[in-house]
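Q: A single structure is presented below for examination.
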Amino acid sequence: MDFSYSDEQRMLKDMVDRLVADQYDFETREAARASSVGYSADMWRQFAELGLLGVPLSEDAGGFDGGGAELMVVAEGFGRGLVVEPYLASVVLCGHLIDKLADQTRKAEIAGPLISGETRYALACHEPDGGCDPYWIATTARADGGGYVLDGTKAVVAHGDSADHLIVIARSSGEPGDRDGLSAFLVDATANGVTRRGYPTIDGHRAADITLENARVDADALLGELGLASSALDGALERGVIYLCAEATGAMARACELTLEYLKERKQFGAPIGSFQALQHRMVDMRIALEKVRSLTFWAACSLDSAPDERGQRIAAAKVMVGRAGRHVAEEAIQLFGGMGMMEESAIAHYAKRIIMIDHWLGDHRWHMAAFRRAVADGENAWANAA
Amino acid sequence: MDIEYNEPERAFRDEVRGFLAENLPAAIAEKVKNYRRLTRDETVHWHRVLGEKGWLAMHWPTEYGGPGWSPVQKHIFEEECAAAGAPRLLPFGINMVAPVIIKFGSQAQKDYYLPRMLTMDDWWAQGYSEPGAGSDLASLKMRAERQGDRYIVNGQKTWTTLGQHANMIFCLVRTDPQAAKKQEGISFLLIDMSSPGVTVRPLITLDGEHEVNEVFFDNVEVPVENRVGDENKGWTYAKYLLTFERTGIAGVGISKAALTHLKTIAHEREIRGRRLIEQSDFADRLAEIEVELMAVEMTNLRVVAAADAGGVPGAESSFLKIMGTEVRQKISDLYREAAGPYALPFIDEDDAPVGPEFAGVAAPNYFNLRKLSIFGGSNEIQKNIISKAILGL
Ligand SMILES: Cc1cc2nc3c(=O)[nH]c(=O)nc-3n(C[C@H](O)[C@H](O)[C@H](O)COP(=O)(O)OP(=O)(O)OC[C@H]3O[C@@H](n4cnc5c(N)ncnc54)[C@H](O)[C@@H]3O)c2cc1C
């Protein structure tokens, strides 16, 4: 066992942490969030220049072949700054699908502009009636002429409104809930038949509901083989969950720091409120919650190459803990800030919102608890029909 | 012992139900049940309807226009109103400043302000908290200097709920900065918000709402006759007022209505072809919360019954505040979870919704209700009161 970072991981961590510390203060973040796409194009370019957009992609794709640890390092740093750029959507989720599914030539074509930051991708997977289930896909893909026709509706697609291309998960056979019969299609987000309703999300990001109506794509839009996208989708979602857990770790760590500072600063009854033992213990409980999340996230991030049941169990465990302990930390942070914790102008309110709402992305604590139980009981892949 | 309502109590409940069925506008009830924001006019309308009926000021003595209800009747009224989706009554005038005026105010204050509350001619705001004085209210700094027959008021109040709609604000101000104890130099003033020098600035809460404000006072002249009671005795009146603020703060009726609404959602909403209520972990959580709410309800009734028998709710109301607010927060938490991914879209009420209708308010309402454990004396402060006053620690 070795809990220390390698030299490369340490360098990556220093780079991300410095970037966030020097250039991503709360005001900058708020300004980026208020723009029409909901993030800063300049910041995205910087991520690209620093090589961050290639971290989890394979060398084949022009990336750095980063694993779970690298993903964790980046996401945790981003979490500290409440980064709003579409890293999860474009790089983590879509990057992995492109990497796993596209053939060598296509991969170079598609991943190049992703890594250089020119083209942004979003994963259109989950559907309105499927809740947390990524396999509850009713969207259909029908072969037509040389290409395919896509029909269906996608729910709360992270950064789907500003993406240039969507990776649409659609079904050519089977029923909603089946793992078989799913394919990934690369679709121009402005193509005929694609309608996007974009909106802000309450945790500071943006998303879109997307309707595909008779949306025609060429044969080469299909990434990989027809009907065989599930295991690549598993991989993308597993990485996505690890990313979210690590982001939550960073955000929770920062929320704990901000709360601790406030306890020392804020005076009532002639003393810093942090001198009241009732609040001291509350602060300690927040830190304990953070340590639990940090540990399980670490475990999950280091398990990306483990056997599917082990991996599934650990990733689900981390997301369960993020949902539960994260909520604890966020609610307590607001409470200990008193009225200030309720203010839109307070950074702490935004940390609390993101931490709480991370539970609503890529499966909530109930969903992952069910996945965990199945992984433990049956040694099954945690993603498969958890309920 | 009998935990059921008796015949007259049941008759009263039916009377209230009948009145609500006839007089509560359906559009307003619909908004309330779905956690939508009411306009100023809608709020005023409902207060006037109750005012005309003589049911608005249920805690007031009959001589001032109170309905003369027993505590059990008050409880029934609150519960029926919540179940029907009636707007929450604004507490600041009727339930906060009015009891203070009735007990400590001058005859002129009673004659002028009380009738105007019943017709909702004044919208009152509460000016207690300041940036430096929240839980430690007695450390407030807003200064009122006596100049002949008026006070010159300078300073700031904050977190003023719905101050943007208010035309009157009752304030705690410091009239004697030299007093030996900080509680001793405080007075209680009624201030007309249209006075020159009063500025109201919005504060936006984390759910995007404009519900609270900061209010600035810059050389505001306030006639001495707008002081309630004696100079420098304001703290006594403030404490008297706070006991009123805490009764009813359990919000049992509201919680019951919210839980009923959530159950309906759980029975209707289908995810992956199954209704939420059929998912055992969700159903378990719903049941757990209901069990807790039952405990709060019966505790509330016990306090109500004690009050009926002549006991005054004292530190016991601190129990109710804690239990009641915790369960309300838990309901809003499960409601947010019920919305799943559709809790994320943050869409203006006036725009077309995304996802199921109920989902849009799920997260904003959850975040908004974090306030319940912060205001009205935070839950930590309530625990301090219980430790001292009840446990003697
Ligand atoms: C939505 C909203 C509406 C409001 N409306 C009004 C209004 O209309 N009028 C008005 O006057 N005020 C209003 N308030 C203010 C409210 O009363 C205060 O927020 C409350 O008194 C807490 O004060 P504070 O925010 O300054 O927190 P602080 O007093 O600074 O408290 C911070 C934290 O420390 C804890 N704490 C403080 N002292 C102790 C102690 N001795 N022991 C243990 N813990 C302690 C608190 O419980 C809290 O968790 C409103 C507040 C909110 C959030």
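Every chain in the structure tokens takes a letter, A first, then B, and so on in the order presented; its residues are numbered from 1, and the ligands are numbered from 1 following the presented order.
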With only C-alpha atoms considered, list every residue of chain B at most 9 Å from chain A, as a ChimeraX atom specification.
A: /B:132-139,159,203-208,270-273,279,281-282,337,339-347,354-356,363-364,367-368,370-371,373-375,378,380
Q: From region 69-234 of chain A, collect each residue whose DSSP state is alpha helix (DSSP H) and return the set as JSON, numbers by chain.
A: {"A": [69, 70, 71, 72, 73, 74, 75, 76, 77, 78, 79, 80, 81, 95, 96, 97, 98, 99, 100, 101, 104, 105, 106, 107, 108, 109, 110, 111, 112, 113, 114, 115, 230, 231, 232, 233, 234]}
Q: At a cut-off of 7 Å, using only C-alpha atoms, what residues contact region 63-72 of chain A? Leave out same-chain residues fewer than 4 positions from it and give the result as an mmCIF file with N, CA, C and O atoms, in the first residue's frame.
A:
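Saved file selection-v4.cif follows:
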```
data_model
loop_
_atom_site.group_PDB
_atom_site.id
_atom_site.type_symbol
_atom_site.label_atom_id
_atom_site.label_comp_id
_atom_site.auth_asym_id
_atom_site.auth_seq_id
_atom_site.Cartn_x
_atom_site.Cartn_y
_atom_site.Cartn_z
ATOM 1 N N GLN A 9 1.733 12.989 -10.253
ATOM 2 C CA GLN A 9 0.455 13.320 -9.609
ATOM 3 C C GLN A 9 0.612 14.559 -8.736
ATOM 4 O O GLN A 9 -0.255 15.435 -8.703
ATOM 5 N N GLY A 54 -6.801 16.845 -21.341
ATOM 6 C CA GLY A 54 -6.400 15.520 -21.824
ATOM 7 C C GLY A 54 -6.084 14.548 -20.699
ATOM 8 O O GLY A 54 -5.739 13.396 -20.955
ATOM 9 N N VAL A 55 -6.215 14.982 -19.475
ATOM 10 C CA VAL A 55 -5.746 14.149 -18.353
ATOM 11 C C VAL A 55 -6.290 12.722 -18.365
ATOM 12 O O VAL A 55 -5.537 11.767 -18.334
ATOM 13 N N PRO A 56 -7.624 12.520 -18.448
ATOM 14 C CA PRO A 56 -8.103 11.128 -18.339
ATOM 15 C C PRO A 56 -8.117 10.388 -19.674
ATOM 16 O O PRO A 56 -8.451 9.208 -19.695
ATOM 17 N N LEU A 57 -7.783 11.051 -20.776
ATOM 18 C CA LEU A 57 -7.850 10.354 -22.063
ATOM 19 C C LEU A 57 -6.571 9.545 -22.318
ATOM 20 O O LEU A 57 -5.510 9.853 -21.782
ATOM 21 N N SER A 58 -6.728 8.528 -23.153
ATOM 22 C CA SER A 58 -5.586 7.638 -23.413
ATOM 23 C C SER A 58 -4.548 8.344 -24.283
ATOM 24 O O SER A 58 -4.845 9.341 -24.934
ATOM 25 N N GLU A 59 -3.364 7.774 -24.289
ATOM 26 C CA GLU A 59 -2.321 8.330 -25.159
ATOM 27 C C GLU A 59 -2.722 8.214 -26.622
ATOM 28 O O GLU A 59 -2.457 9.104 -27.429
ATOM 29 N N GLU A 76 -10.860 17.295 -7.169
ATOM 30 C CA GLU A 76 -10.827 17.845 -5.821
ATOM 31 C C GLU A 76 -10.415 19.316 -5.861
ATOM 32 O O GLU A 76 -10.994 20.163 -5.181
ATOM 33 N N ILE A 242 -16.680 9.080 -9.729
ATOM 34 C CA ILE A 242 -15.440 9.365 -8.987
ATOM 35 C C ILE A 242 -15.122 10.856 -9.061
ATOM 36 O O ILE A 242 -14.766 11.489 -8.061
ATOM 37 N N TYR A 243 -15.307 11.403 -10.244
ATOM 38 C CA TYR A 243 -15.082 12.845 -10.393
ATOM 39 C C TYR A 243 -15.973 13.627 -9.432
ATOM 40 O O TYR A 243 -15.510 14.513 -8.719
ATOM 41 N N ALA A 246 -14.920 13.296 -5.785
ATOM 42 C CA ALA A 246 -13.718 14.075 -5.494
ATOM 43 C C ALA A 246 -14.034 15.569 -5.505
ATOM 44 O O ALA A 246 -13.521 16.338 -4.692
ATOM 45 N N ALA A 301 -11.415 5.829 -6.142
ATOM 46 C CA ALA A 301 -10.539 6.311 -7.216
ATOM 47 C C ALA A 301 -9.417 5.319 -7.485
ATOM 48 O O ALA A 301 -8.967 5.166 -8.624
ATOM 49 N N CYS A 302 -8.973 4.632 -6.447
ATOM 50 C CA CYS A 302 -7.889 3.660 -6.620
ATOM 51 C C CYS A 302 -8.399 2.300 -7.079
ATOM 52 O O CYS A 302 -7.633 1.359 -7.210
ATOM 53 N N LEU A 304 -10.387 1.787 -9.863
ATOM 54 C CA LEU A 304 -10.885 1.781 -11.244
ATOM 55 C C LEU A 304 -10.464 0.537 -12.010
ATOM 56 O O LEU A 304 -11.159 0.099 -12.919
#
```
Q: For region 27-39 of chain A, work out the shell of residues within 6 Å, counting only C-alpha atoms and skipping chain neighbours fewer than 6 positions away, then give it as a PyMOL selection string.
A: chain A and resi 84-85+162
Q: Selected residues, C-alpha atoms, written as a compact mmCIF listing (two decimals), in the first residue's frame, please.
A:
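selection_26.txt, freshly written:
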```
# COMPACT_ATOMS: atom_id res chain seq x y z
CA VAL A 84 -18.28 25.63 -13.31
CA GLU A 85 -16.55 24.72 -16.57
CA SER A 162 -23.53 24.97 -24.73
```
Q: Mind pulling up the distance from CA of Lys292 (chain A) to CA of Asp378 (chain A)?
A: 25.5 Å
Q: In terms of the shortest atom-to-atom distance over only C-alpha atoms and all ligand atoms, which of B:Ala27, B:Ala258, B:Val228, B:Leu90 is closest to ligand 1?
A: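 Of B:Ala27, B:Ala258, B:Val228, B:Leu90, the one nearest ligand 1, counting only C-alpha atoms and all ligand atoms, is B:Leu90.
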Q: Report, in Å to a single decimal, how far apart CA of Ala98 (chain B) and CA of Phe188 (chain B) are.
A: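 Computing the Euclidean distance for CA of Phe188 (chain B) and CA of Ala98 (chain B) yields 12.7 Å.
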